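*Asks:* Encoded as structure tokens, here's the structure I'll be asking about.
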Amino acid sequence: MSVNEWLLILGMAGVTFGSRYLLFGLAGRIRMPVWMASSLQYVPPAVLTAITLPAVLLPQGKWHISPTNPYLIAALAAVGIGAVTKNLLATIAVGLIAFFGWRFVLVSVL
Amino acid sequence: MSTRKHEFISGARDSFPLLLGAFPFGLIYGALATTSGLSPAAGMIMALLVFAGSAQFIAVGLVAAQVPVTIIILTTFIVNLRHMLYSATLLPHLKNLPQKWRIPLAFWLTDETFAVTVRRFQREDRSRFKHWYQLGSSIAMYVNWQFWCGLGLVLGDRIPDAAGWGLDVAMPVTFIGMIIPFVKNIPMAICVLSAGTSSLLTLGLPYKLGIIVSAFAGIFSGLITASIVKNRKGGLA
């Protein structure tokens, strides 16, 4: 392994652990205001949506809103099953099956 | 069975669907790392020490594009800033634990473990060992991730056109499954809609900054909607 690779990995590990640990480390020494505590419940759905939606609508970095986009079909299937069953395993399984099934259909038809 | 052991096993078990979602993701990471110019050892050590799927993915892409190390580290920082928001959310539940707990739980804090664990912490029962639940989820996710990254690195370029297989669909599908349980009232729905809209409007921002901007857009619109809903209910009563 080269020096550059070590620098890259240790740098990435440092900033990643830093952002995960900073608040845990400070715990007890800082007090969180009430408004901040109540705003935190919105963090996970907001962040996850902001990562997911572009990955579905621009799968290769380009806009692709059409039935020929299997990522979009998989996402719609996952949302549908997830909303009905509230079951994580079913959501992931149906999403993956929809993706590969739909892509197989597209390849066969087009 | 002791309560600690019970919590640990429950955490690992409840993470099972997410292990399934992580496997294709780890496999392509390994394959992409070998073709990016990183040595297989560096690819493995990155997975072991960084342990952040989306950041590892983006990093090997930037390595392949010969982007300078400092820029890759900066991008990693921005992409992973969301973990600070996660740790802020878990803080009230973990603040009384000693550092020997806080350090490993922070190291292993991923989107997946967070999504599973926050629901355990929010369940109101008197268990004093909910952090064992988080530990169970963390270790299951870590071992699983290393296995699939390692296998991807070993198979490497023997997987032809790994990126073209579409295994990356595992990430959005997994995340959709994690988002849905949160959307149980109007403010949450507005939060998700705003964050989604914002993520599409901020695509032009460098270093994935749009993720952070959209997080704040979602948080603020959720808070505003919640206060409107509350005032209206107050008016009726």
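How things are named: the first chain in the structure tokens is A, the next is B, and so on; residues count from 1 in each chain; ligands count from 1 in the order shown.
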Per DSSP on the backbone, what are the helix (DSSP H, G or I) residues of chain A, as a VMD selection string?
*Replies:* chain A and resid 3 to 26 34 to 57 70 to 85 88 to 109
*Asks:* Report as CSV: every residue of chain A with an atom at most 7 Å from chain B, its closest pair of atoms, and their distance in Å to one decimal, counting only C-alpha atoms, with rows sorted by chain and ascending residue number.
*Replies:*
residue,atom,partner,partner_atom,distance
A:Met1,CA,B:Ala42,CA,6.5
A:Glu5,CA,B:Ala42,CA,6.4
A:Leu8,CA,B:Val69,CA,5.7
A:Ile9,CA,B:Met46,CA,5.6
A:Gly11,CA,B:Ile73,CA,5.9
A:Met12,CA,B:Ile73,CA,5.2
A:Ala13,CA,B:Val50,CA,4.4
A:Val15,CA,B:Phe77,CA,5.4
A:Thr16,CA,B:Asn80,CA,6.0
A:Phe17,CA,B:Phe107,CA,5.6
A:Ser19,CA,B:Met84,CA,5.0
A:Arg20,CA,B:Ala106,CA,5.1
A:Tyr21,CA,B:Ala106,CA,5.0
A:Leu23,CA,B:Ala88,CA,6.3
A:Phe24,CA,B:Arg102,CA,6.2
A:Ala27,CA,B:Lys95,CA,5.3
A:Gly28,CA,B:Lys95,CA,6.4
A:Ser39,CA,B:Ile219,CA,6.2
A:Leu40,CA,B:Thr89,CA,5.6
A:Tyr42,CA,B:Ile219,CA,5.3
A:Val43,CA,B:Ile219,CA,6.4
A:Pro45,CA,B:Ile179,CA,5.2
A:Ala46,CA,B:Ala215,CA,5.0
A:Val47,CA,B:Ala215,CA,5.1
A:Leu48,CA,B:Phe175,CA,6.2
A:Thr49,CA,B:Gly196,CA,5.6
A:Ala50,CA,B:Ser199,CA,5.0
A:Ile51,CA,B:Ile211,CA,6.5
A:Thr52,CA,B:Pro172,CA,5.0
A:Leu53,CA,B:Gly196,CA,6.1
A:Pro54,CA,B:Leu200,CA,6.4
A:Ala55,CA,B:Pro172,CA,6.7
A:Val56,CA,B:Pro172,CA,6.8
A:Tyr71,CA,B:Val169,CA,6.3
A:Ala75,CA,B:Val173,CA,6.0
A:Ala78,CA,B:Val173,CA,6.3
A:Val79,CA,B:Ile176,CA,6.6
A:Gly82,CA,B:Gly177,CA,6.2
A:Ala83,CA,B:Ile180,CA,6.6
A:Lys86,CA,B:Pro181,CA,6.7
A:Leu88,CA,B:Gly177,CA,5.2
A:Leu89,CA,B:Pro17,CA,4.8
A:Thr91,CA,B:Gly177,CA,5.7
A:Ile92,CA,B:Thr174,CA,5.6
A:Gly95,CA,B:Val173,CA,5.8
A:Leu96,CA,B:Ala170,CA,6.8
*Asks:* How many Å lie between CA of Phe100 (chain A) and CA of Pro59 (chain A), rounded to one decimal?
*Replies:*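 According to the coordinates, CA of Phe100 (chain A) and CA of Pro59 (chain A) are separated by 14.8 Å.
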